[in-house]
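Listing of coords_29.cif, mmCIF, C-alpha atoms
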data_entry
loop_
_atom_site.group_PDB
_atom_site.id
_atom_site.type_symbol
_atom_site.label_atom_id
_atom_site.label_comp_id
_atom_site.auth_asym_id
_atom_site.auth_seq_id
_atom_site.Cartn_x
_atom_site.Cartn_y
_atom_site.Cartn_z
ATOM 1 C CA MET A 1 -2.402 19.259 -9.936
ATOM 2 C CA ARG A 2 -3.705 22.779 -10.611
ATOM 3 C CA ALA A 3 -7.413 22.010 -10.714
ATOM 4 C CA ALA A 4 -8.108 24.060 -7.573
ATOM 5 C CA THR A 5 -6.496 27.231 -8.948
ATOM 6 C CA GLY A 6 -9.563 27.959 -11.096
ATOM 7 C CA VAL A 7 -11.847 28.285 -8.088
ATOM 8 C CA TRP A 8 -10.808 31.928 -7.622
ATOM 9 C CA ARG A 9 -12.821 32.688 -10.746
ATOM 10 C CA TRP A 10 -16.005 32.222 -8.669
ATOM 11 C CA ARG A 11 -15.404 35.652 -7.122
ATOM 12 C CA ARG A 12 -17.672 38.434 -8.338
ATOM 13 C CA ASN A 13 -15.777 40.681 -10.676
ATOM 14 C CA PRO A 14 -17.024 43.050 -13.391
ATOM 15 C CA LEU A 15 -14.268 41.729 -15.658
ATOM 16 C CA ARG A 16 -15.235 38.074 -15.143
ATOM 17 C CA ARG A 17 -16.004 36.351 -18.412
ATOM 18 C CA THR A 18 -18.247 33.387 -19.098
ATOM 19 C CA THR A 19 -15.176 31.264 -19.799
ATOM 20 C CA ASP A 20 -13.846 32.180 -16.349
ATOM 21 C CA LEU A 21 -16.990 30.786 -14.759
ATOM 22 C CA VAL A 22 -16.800 27.654 -16.901
ATOM 23 C CA GLU A 23 -13.174 27.164 -15.862
ATOM 24 C CA ALA A 24 -14.204 27.433 -12.220
ATOM 25 C CA TRP A 25 -16.829 24.723 -12.722
ATOM 26 C CA VAL A 26 -14.259 22.556 -14.485
ATOM 27 C CA ALA A 27 -11.806 23.007 -11.603
ATOM 28 C CA LEU A 28 -14.466 22.160 -9.030
ATOM 29 C CA THR A 29 -15.583 19.073 -10.980
ATOM 30 C CA ALA A 30 -12.012 17.864 -11.411
ATOM 31 C CA ALA A 31 -11.305 18.311 -7.697
ATOM 32 C CA ALA A 32 -14.456 16.372 -6.794
ATOM 33 C CA LEU A 33 -13.547 13.558 -9.181
ATOM 34 C CA LEU A 34 -10.032 13.340 -7.770
ATOM 35 C CA CYS A 35 -11.380 13.145 -4.222
ATOM 36 C CA LEU A 36 -14.249 10.721 -4.887
ATOM 37 C CA LEU A 37 -14.036 8.918 -8.223
ATOM 38 C CA VAL A 38 -10.312 8.145 -8.275
ATOM 39 C CA PRO A 39 -10.271 6.354 -4.873
ATOM 40 C CA LEU A 40 -13.462 4.520 -5.848
ATOM 41 C CA VAL A 41 -11.892 3.315 -9.106
ATOM 42 C CA GLY A 42 -8.783 2.157 -7.252
ATOM 43 C CA TRP A 43 -10.838 0.331 -4.629
ATOM 44 C CA ALA A 44 -13.038 -1.351 -7.257
ATOM 45 C CA ALA A 45 -10.069 -2.457 -9.342
ATOM 46 C CA GLY A 46 -8.170 -3.719 -6.302
ATOM 47 C CA SER A 47 -11.193 -5.598 -4.967
ATOM 48 C CA SER A 48 -11.864 -7.217 -8.331
ATOM 49 C CA ALA A 49 -8.225 -8.238 -8.732
ATOM 50 C CA SER A 50 -8.099 -9.518 -5.166
ATOM 51 C CA GLY A 51 -11.186 -11.665 -5.691
ATOM 52 C CA SER A 52 -9.799 -13.181 -8.894
ATOM 53 C CA LEU A 53 -6.357 -13.796 -7.410
ATOM 54 C CA GLN A 54 -7.709 -15.315 -4.198
ATOM 55 C CA ARG A 55 -9.878 -17.687 -6.249
ATOM 56 C CA ALA A 56 -6.792 -18.628 -8.250
ATOM 57 C CA VAL A 57 -4.859 -19.225 -5.022
ATOM 58 C CA ARG A 58 -7.593 -21.492 -3.657
ATOM 59 C CA ALA A 59 -7.790 -23.392 -6.941
ATOM 60 C CA GLN A 60 -4.025 -23.887 -6.999
ATOM 61 C CA GLN A 61 -3.982 -25.034 -3.375
ATOM 62 C CA GLU A 62 -6.681 -27.603 -4.200
ATOM 63 C CA GLN A 63 -5.053 -28.836 -7.399
ATOM 64 C CA ARG A 64 -1.377 -28.772 -6.380
ATOM 65 C CA LEU A 65 -0.099 -31.135 -3.723
ATOM 66 C CA PRO A 66 3.229 -31.096 -1.858
ATOM 67 C CA THR A 67 5.467 -34.123 -1.830
ATOM 68 C CA THR A 68 9.124 -34.991 -1.310
ATOM 69 C CA ALA A 69 11.434 -35.886 -4.171
ATOM 70 C CA GLN A 70 14.787 -37.676 -3.993
ATOM 71 C CA VAL A 71 17.673 -36.859 -6.294
ATOM 72 C CA VAL A 72 18.738 -39.764 -8.499
ATOM 73 C CA ARG A 73 21.432 -37.899 -10.420
ATOM 74 C CA LEU A 74 22.158 -34.544 -11.988
ATOM 75 C CA ALA A 75 20.480 -33.941 -15.332
ATOM 76 C CA ASP A 76 22.733 -33.983 -18.373
ATOM 77 C CA GLY A 77 20.881 -31.279 -20.344
ATOM 78 C CA PRO A 78 18.567 -28.340 -19.687
ATOM 79 C CA ALA A 79 15.507 -28.869 -17.591
ATOM 80 C CA SER A 80 12.596 -30.538 -19.286
ATOM 81 C CA GLY A 81 10.367 -30.109 -16.284
ATOM 82 C CA PRO A 82 7.362 -27.826 -15.823
ATOM 83 C CA ARG A 83 7.254 -24.243 -16.956
ATOM 84 C CA THR A 84 7.415 -21.677 -14.188
ATOM 85 C CA THR A 85 6.685 -17.965 -13.927
ATOM 86 C CA GLU A 86 10.305 -17.093 -13.155
ATOM 87 C CA THR A 87 12.407 -14.807 -15.303
ATOM 88 C CA ALA A 88 15.052 -16.205 -17.603
ATOM 89 C CA GLY A 89 17.823 -15.102 -15.247
ATOM 90 C CA GLU A 90 16.242 -16.840 -12.260
ATOM 91 C CA GLN A 91 15.559 -19.955 -14.320
ATOM 92 C CA ARG A 92 19.248 -20.273 -15.215
ATOM 93 C CA LEU A 93 20.134 -20.274 -11.499
ATOM 94 C CA ARG A 94 17.968 -23.349 -10.885
ATOM 95 C CA ARG A 95 19.708 -26.711 -11.304
ATOM 96 C CA SER A 96 18.005 -29.612 -13.057
ATOM 97 C CA VAL A 97 18.126 -33.072 -11.564
ATOM 98 C CA VAL A 98 16.632 -36.446 -12.276
ATOM 99 C CA ALA A 99 14.482 -37.172 -9.254
ATOM 100 C CA ARG A 100 12.078 -39.775 -7.951
ATOM 101 C CA TRP A 101 8.824 -38.982 -6.151
ATOM 102 C CA THR A 102 5.465 -40.520 -5.363
ATOM 103 C CA ALA A 103 2.309 -39.383 -7.158
ATOM 104 C CA PRO A 104 -0.902 -38.709 -5.189
ATOM 105 C CA ASP A 105 -2.248 -42.111 -6.285
ATOM 106 C CA GLY A 106 0.806 -43.826 -4.747
ATOM 107 C CA THR A 107 2.626 -44.703 -7.973
ATOM 108 C CA PRO A 108 6.360 -43.912 -8.173
ATOM 109 C CA ARG A 109 7.446 -41.314 -10.713
ATOM 110 C CA THR A 110 10.838 -40.368 -12.108
ATOM 111 C CA GLY A 111 11.659 -37.310 -14.188
ATOM 112 C CA THR A 112 13.834 -34.267 -14.726
ATOM 113 C CA VAL A 113 12.823 -31.355 -12.510
ATOM 114 C CA PRO A 114 14.384 -28.011 -11.557
ATOM 115 C CA THR A 115 15.479 -27.485 -7.989
ATOM 116 C CA ALA A 116 16.464 -24.355 -6.096
ATOM 117 C CA ARG A 117 19.278 -26.224 -4.342
ATOM 118 C CA ARG A 118 22.697 -24.963 -5.431
ATOM 119 C CA HIS A 119 24.322 -28.309 -4.705
ATOM 120 C CA SER A 120 22.456 -31.570 -5.210
ATOM 121 C CA SER A 121 23.868 -35.057 -4.771
ATOM 122 C CA PRO A 122 22.241 -38.447 -5.326
ATOM 123 C CA GLY A 123 20.092 -39.291 -2.331
ATOM 124 C CA ASP A 124 19.332 -35.689 -1.365
ATOM 125 C CA VAL A 125 15.667 -34.881 -0.829
ATOM 126 C CA PHE A 126 13.832 -31.650 -1.589
ATOM 127 C CA PRO A 127 10.194 -30.478 -1.587
ATOM 128 C CA LEU A 128 8.263 -30.817 -4.824
ATOM 129 C CA TRP A 129 4.761 -29.809 -5.874
ATOM 130 C CA THR A 130 2.726 -31.958 -8.240
ATOM 131 C CA ASP A 131 -0.742 -31.867 -9.755
ATOM 132 C CA ARG A 132 -3.256 -34.604 -9.024
ATOM 133 C CA GLU A 133 -1.803 -36.647 -11.882
ATOM 134 C CA GLY A 134 1.648 -36.592 -10.313
ATOM 135 C CA ARG A 135 3.199 -34.168 -12.802
ATOM 136 C CA PRO A 136 5.617 -31.587 -11.334
ATOM 137 C CA VAL A 137 4.213 -28.057 -11.164
ATOM 138 C CA SER A 138 5.260 -24.774 -9.648
ATOM 139 C CA PRO A 139 4.172 -24.040 -6.051
ATOM 140 C CA PRO A 140 0.801 -22.339 -5.559
ATOM 141 C CA MET A 141 0.799 -18.584 -5.297
ATOM 142 C CA PRO A 142 1.083 -17.434 -1.660
ATOM 143 C CA PRO A 143 -1.925 -15.424 -0.403
ATOM 144 C CA GLY A 144 0.394 -12.546 0.486
ATOM 145 C CA THR A 145 1.614 -12.335 -3.106
ATOM 146 C CA ALA A 146 -1.975 -12.265 -4.338
ATOM 147 C CA ARG A 147 -2.772 -9.394 -1.957
ATOM 148 C CA ALA A 148 0.292 -7.463 -3.087
ATOM 149 C CA HIS A 149 -0.671 -7.874 -6.753
ATOM 150 C CA ALA A 150 -4.223 -6.740 -5.990
ATOM 151 C CA LEU A 151 -2.909 -3.671 -4.173
ATOM 152 C CA LEU A 152 -0.692 -2.779 -7.125
ATOM 153 C CA ALA A 153 -3.630 -3.211 -9.500
ATOM 154 C CA GLY A 154 -5.751 -0.862 -7.397
ATOM 155 C CA LEU A 155 -3.011 1.762 -7.183
ATOM 156 C CA MET A 156 -2.390 1.574 -10.925
ATOM 157 C CA ALA A 157 -6.093 1.965 -11.700
ATOM 158 C CA ALA A 158 -6.353 4.966 -9.366
ATOM 159 C CA LEU A 159 -3.290 6.556 -10.947
ATOM 160 C CA LEU A 160 -4.660 6.094 -14.466
ATOM 161 C CA ALA A 161 -8.029 7.513 -13.415
ATOM 162 C CA GLY A 162 -6.321 10.545 -11.874
ATOM 163 C CA LEU A 163 -4.256 11.093 -15.021
ATOM 164 C CA LEU A 164 -7.412 10.865 -17.129
ATOM 165 C CA VAL A 165 -9.223 13.471 -15.006
ATOM 166 C CA GLU A 166 -6.259 15.847 -15.128
ATOM 167 C CA THR A 167 -5.810 15.355 -18.881
ATOM 168 C CA VAL A 168 -9.460 16.141 -19.568
ATOM 169 C CA ARG A 169 -9.268 19.217 -17.321
ATOM 170 C CA ARG A 170 -6.200 20.512 -19.127
ATOM 171 C CA LEU A 171 -7.805 19.961 -22.540
ATOM 172 C CA VAL A 172 -10.950 21.831 -21.505
ATOM 173 C CA VAL A 173 -8.956 24.730 -20.028
ATOM 174 C CA ARG A 174 -6.811 24.886 -23.152
ATOM 175 C CA ARG A 175 -9.926 25.123 -25.302
ATOM 176 C CA LEU A 176 -11.286 27.907 -23.083
ATOM 177 C CA VAL A 177 -8.022 29.831 -23.368
ATOM 178 C CA LEU A 178 -8.082 29.501 -27.151
ATOM 179 C CA ARG A 179 -11.653 30.843 -27.176
ATOM 180 C CA ARG A 180 -10.532 33.846 -25.109
ATOM 181 C CA TYR A 181 -7.717 34.572 -27.525
ATOM 182 C CA ALA A 182 -10.067 34.257 -30.472
ATOM 183 C CA ARG A 183 -12.531 36.734 -28.928
ATOM 184 C CA LEU A 184 -9.684 39.103 -28.110
ATOM 185 C CA ASP A 185 -8.451 38.919 -31.702
ATOM 186 C CA ARG A 186 -11.945 39.683 -33.027
ATOM 187 C CA ALA A 187 -12.329 42.614 -30.646
ATOM 188 C CA TRP A 188 -8.939 43.984 -31.597
ATOM 189 C CA ALA A 189 -9.674 43.563 -35.292
ATOM 190 C CA SER A 190 -12.835 45.608 -34.785
ATOM 191 C CA ALA A 191 -11.290 48.390 -32.692
ATOM 192 C CA GLY A 192 -7.706 48.312 -33.861
ATOM 193 C CA PRO A 193 -8.031 50.329 -37.120
ATOM 194 C CA ASP A 194 -9.614 53.261 -35.228
ATOM 195 C CA TRP A 195 -7.319 53.084 -32.210
ATOM 196 C CA GLY A 196 -5.795 56.485 -31.433
ATOM 197 C CA ARG A 197 -7.819 58.551 -33.920
ATOM 198 C CA ALA A 198 -9.086 61.886 -32.656
ATOM 199 C CA ASP A 199 -12.630 61.345 -33.889
ATOM 200 C CA THR A 200 -13.056 57.994 -32.136
ATOM 201 C CA GLY A 201 -13.011 59.461 -28.681
ATOM 202 C CA SER A 202 -9.881 57.505 -27.674
#

The structure in this file should be written as structure tokens.
Amino acid sequence: MRAATGVWRWRRNPLRRTTDLVEAWVALTAAALLCLLVPLVGWAAGSSASGSLQRAVRAQQEQRLPTTAQVVRLADGPASGPRTTETAGEQRLRRSVVARWTAPDGTPRTGTVPTARRHSSPGDVFPLWTDREGRPVSPPMPPGTARAHALLAGLMAALLAGLLVETVRRLVVRRLVLRRYARLDRAWASAGPDWGRADTGS
């Protein structure tokens, strides 16, 4: 980040141009935004994401109940159980079994569910999460995972804010440089034809 390099233009100098002073203000503003606004944006985004994710975690913990399922037999086809947030590669590693479990209301249930066990035999038991209707669901999100996602959201927001500040600074500086070149071209066009003539005093 080169925002601070324009601060030298604050120094008094008979050759200092108005654009030099403007560039110094732009550098100072960009540095202040990077030190104050960017962390604030990251904190606000992370806090907002954390609040939403923690509410989701609490809702899932209230709506999803743990139980124990017993393997009846291996499933013949692909799993017809609940959708999960796993990738396709991870989903293929999970075996599908026909299992029996008890719903929260005490009624027995039987269905095809995925299990993380690599080897399952009839009679084996494994933990299973269900909703309040007894339907299999994925486990609730751990609070640590929610915090990690919130932290990533805050860092990403801060990074985007920093990139925005630096992009705006570069665009403004580029426009100032183009204005300097344009003024130099006009000055040269005015003085150039007489440059070096004896009667011009050069």

* To do: Starting from the displayed file, determine the output of the PyMOL selection byres ((chain A and resi 132) around 10) and express the residue list as a count of residues only.
  => 14

* To do: Find the residues near Met156 in chain A: any atom within 12 Å, counting only C-alpha atoms, skip ones fewer than 3 places away on the same chain, and give them as a ChimeraX atom specification.
  => /A:38-39,41-46,49,149-153,159-163

* Return as a VMD selection string the set of residues that the PyMOL selection byres ((chain A and resi 142) around 12) yields on the displayed structure. => chain A and resid 53 to 61 138 to 141 143 to 149

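Interatomic distance, CA of Leu155 in chain A against CA of Trp25 in chain A: 27.4 Å.
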
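Checking A:Asp124, A:Gln70, A:Leu21, A:Ala182 one by one against Arg109 in chain A, counting only C-alpha atoms, you find the shortest gap at A:Gln70.
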
Where atoms are missing, can you supply all heavy atoms for range 122-133 of chain A and output the lot as a PDB file, in the coordinates of the input?
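Generated output (selection19.pdb):
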ATOM      1  N   PRO A 122      23.165 -37.307  -5.367  1.00  0.00           N
ATOM      2  CA  PRO A 122      22.241 -38.447  -5.326  1.00  0.00           C
ATOM      3  C   PRO A 122      21.870 -38.799  -3.889  1.00  0.00           C
ATOM      4  O   PRO A 122      22.724 -38.873  -3.012  1.00  0.00           O
ATOM      5  CB  PRO A 122      23.036 -39.563  -6.004  1.00  0.00           C
ATOM      6  CG  PRO A 122      23.972 -38.841  -6.930  1.00  0.00           C
ATOM      7  CD  PRO A 122      24.348 -37.586  -6.209  1.00  0.00           C
ATOM      8  N   GLY A 123      20.582 -38.977  -3.664  1.00  0.00           N
ATOM      9  CA  GLY A 123      20.092 -39.291  -2.331  1.00  0.00           C
ATOM     10  C   GLY A 123      19.537 -38.096  -1.585  1.00  0.00           C
ATOM     11  O   GLY A 123      18.817 -38.263  -0.595  1.00  0.00           O
ATOM     12  N   ASP A 124      19.881 -36.876  -2.022  1.00  0.00           N
ATOM     13  CA  ASP A 124      19.332 -35.689  -1.365  1.00  0.00           C
ATOM     14  C   ASP A 124      17.830 -35.602  -1.627  1.00  0.00           C
ATOM     15  O   ASP A 124      17.335 -36.008  -2.682  1.00  0.00           O
ATOM     16  CB  ASP A 124      20.004 -34.418  -1.891  1.00  0.00           C
ATOM     17  CG  ASP A 124      21.461 -34.319  -1.449  1.00  0.00           C
ATOM     18  OD1 ASP A 124      21.853 -35.085  -0.555  1.00  0.00           O
ATOM     19  OD2 ASP A 124      22.190 -33.482  -2.012  1.00  0.00           O
ATOM     20  N   VAL A 125      17.108 -35.053  -0.676  1.00  0.00           N
ATOM     21  CA  VAL A 125      15.667 -34.881  -0.829  1.00  0.00           C
ATOM     22  C   VAL A 125      15.339 -33.391  -0.842  1.00  0.00           C
ATOM     23  O   VAL A 125      16.060 -32.571  -0.253  1.00  0.00           O
ATOM     24  CB  VAL A 125      14.893 -35.590   0.307  1.00  0.00           C
ATOM     25  CG1 VAL A 125      15.101 -37.096   0.230  1.00  0.00           C
ATOM     26  CG2 VAL A 125      15.317 -35.064   1.674  1.00  0.00           C
ATOM     27  N   PHE A 126      14.262 -33.046  -1.509  1.00  0.00           N
ATOM     28  CA  PHE A 126      13.832 -31.650  -1.589  1.00  0.00           C
ATOM     29  C   PHE A 126      12.318 -31.635  -1.813  1.00  0.00           C
ATOM     30  O   PHE A 126      11.736 -32.597  -2.326  1.00  0.00           O
ATOM     31  CB  PHE A 126      14.564 -30.908  -2.715  1.00  0.00           C
ATOM     32  CG  PHE A 126      14.326 -31.475  -4.080  1.00  0.00           C
ATOM     33  CD1 PHE A 126      13.313 -30.986  -4.906  1.00  0.00           C
ATOM     34  CD2 PHE A 126      15.122 -32.514  -4.560  1.00  0.00           C
ATOM     35  CE1 PHE A 126      13.101 -31.499  -6.168  1.00  0.00           C
ATOM     36  CE2 PHE A 126      14.917 -33.048  -5.826  1.00  0.00           C
ATOM     37  CZ  PHE A 126      13.906 -32.536  -6.630  1.00  0.00           C
ATOM     38  N   PRO A 127      11.652 -30.558  -1.409  1.00  0.00           N
ATOM     39  CA  PRO A 127      10.194 -30.478  -1.587  1.00  0.00           C
ATOM     40  C   PRO A 127       9.832 -30.293  -3.055  1.00  0.00           C
ATOM     41  O   PRO A 127      10.541 -29.619  -3.811  1.00  0.00           O
ATOM     42  CB  PRO A 127       9.794 -29.256  -0.750  1.00  0.00           C
ATOM     43  CG  PRO A 127      11.021 -28.418  -0.698  1.00  0.00           C
ATOM     44  CD  PRO A 127      12.178 -29.369  -0.702  1.00  0.00           C
ATOM     45  N   LEU A 128       8.731 -30.884  -3.441  1.00  0.00           N
ATOM     46  CA  LEU A 128       8.263 -30.817  -4.824  1.00  0.00           C
ATOM     47  C   LEU A 128       6.742 -30.721  -4.819  1.00  0.00           C
ATOM     48  O   LEU A 128       6.073 -31.362  -3.996  1.00  0.00           O
ATOM     49  CB  LEU A 128       8.712 -32.059  -5.604  1.00  0.00           C
ATOM     50  CG  LEU A 128       8.303 -32.123  -7.075  1.00  0.00           C
ATOM     51  CD1 LEU A 128       9.061 -31.069  -7.890  1.00  0.00           C
ATOM     52  CD2 LEU A 128       8.559 -33.513  -7.636  1.00  0.00           C
ATOM     53  N   TRP A 129       6.206 -29.923  -5.705  1.00  0.00           N
ATOM     54  CA  TRP A 129       4.761 -29.809  -5.874  1.00  0.00           C
ATOM     55  C   TRP A 129       4.344 -30.530  -7.144  1.00  0.00           C
ATOM     56  O   TRP A 129       5.019 -30.424  -8.173  1.00  0.00           O
ATOM     57  CB  TRP A 129       4.341 -28.340  -5.958  1.00  0.00           C
ATOM     58  CG  TRP A 129       4.438 -27.616  -4.651  1.00  0.00           C
ATOM     59  CD1 TRP A 129       5.554 -27.041  -4.115  1.00  0.00           C
ATOM     60  CD2 TRP A 129       3.379 -27.410  -3.713  1.00  0.00           C
ATOM     61  NE1 TRP A 129       5.270 -26.491  -2.897  1.00  0.00           N
ATOM     62  CE2 TRP A 129       3.930 -26.685  -2.622  1.00  0.00           C
ATOM     63  CE3 TRP A 129       2.034 -27.745  -3.677  1.00  0.00           C
ATOM     64  CZ2 TRP A 129       3.185 -26.316  -1.523  1.00  0.00           C
ATOM     65  CZ3 TRP A 129       1.271 -27.366  -2.586  1.00  0.00           C
ATOM     66  CH2 TRP A 129       1.841 -26.666  -1.528  1.00  0.00           C
ATOM     67  N   THR A 130       3.241 -31.249  -7.074  1.00  0.00           N
ATOM     68  CA  THR A 130       2.726 -31.958  -8.240  1.00  0.00           C
ATOM     69  C   THR A 130       1.231 -31.673  -8.372  1.00  0.00           C
ATOM     70  O   THR A 130       0.569 -31.245  -7.423  1.00  0.00           O
ATOM     71  CB  THR A 130       2.936 -33.478  -8.119  1.00  0.00           C
ATOM     72  OG1 THR A 130       2.086 -33.994  -7.073  1.00  0.00           O
ATOM     73  CG2 THR A 130       4.385 -33.805  -7.802  1.00  0.00           C
ATOM     74  N   ASP A 131       0.706 -31.916  -9.595  1.00  0.00           N
ATOM     75  CA  ASP A 131      -0.742 -31.867  -9.755  1.00  0.00           C
ATOM     76  C   ASP A 131      -1.321 -33.214  -9.322  1.00  0.00           C
ATOM     77  O   ASP A 131      -0.595 -34.104  -8.856  1.00  0.00           O
ATOM     78  CB  ASP A 131      -1.117 -31.522 -11.197  1.00  0.00           C
ATOM     79  CG  ASP A 131      -0.560 -32.526 -12.204  1.00  0.00           C
ATOM     80  OD1 ASP A 131      -0.144 -33.640 -11.799  1.00  0.00           O
ATOM     81  OD2 ASP A 131      -0.541 -32.213 -13.404  1.00  0.00           O
ATOM     82  N   ARG A 132      -2.614 -33.370  -9.482  1.00  0.00           N
ATOM     83  CA  ARG A 132      -3.256 -34.604  -9.024  1.00  0.00           C
ATOM     84  C   ARG A 132      -2.904 -35.807  -9.886  1.00  0.00           C
ATOM     85  O   ARG A 132      -3.186 -36.946  -9.520  1.00  0.00           O
ATOM     86  CB  ARG A 132      -4.772 -34.408  -8.971  1.00  0.00           C
ATOM     87  CG  ARG A 132      -5.178 -33.374  -7.922  1.00  0.00           C
ATOM     88  CD  ARG A 132      -6.662 -33.378  -7.667  1.00  0.00           C
ATOM     89  NE  ARG A 132      -7.008 -32.450  -6.587  1.00  0.00           N
ATOM     90  CZ  ARG A 132      -6.929 -32.728  -5.303  1.00  0.00           C
ATOM     91  NH1 ARG A 132      -6.507 -33.931  -4.917  1.00  0.00           N
ATOM     92  NH2 ARG A 132      -7.255 -31.832  -4.383  1.00  0.00           N
ATOM     93  N   GLU A 133      -2.279 -35.551 -11.032  1.00  0.00           N
ATOM     94  CA  GLU A 133      -1.803 -36.647 -11.882  1.00  0.00           C
ATOM     95  C   GLU A 133      -0.359 -37.028 -11.576  1.00  0.00           C
ATOM     96  O   GLU A 133       0.174 -37.947 -12.185  1.00  0.00           O
ATOM     97  CB  GLU A 133      -1.924 -36.241 -13.356  1.00  0.00           C
ATOM     98  CG  GLU A 133      -3.343 -35.885 -13.792  1.00  0.00           C
ATOM     99  CD  GLU A 133      -4.276 -37.060 -13.642  1.00  0.00           C
ATOM    100  OE1 GLU A 133      -3.829 -38.210 -13.848  1.00  0.00           O
ATOM    101  OE2 GLU A 133      -5.465 -36.843 -13.314  1.00  0.00           O
TER     102      GLU A 133
END
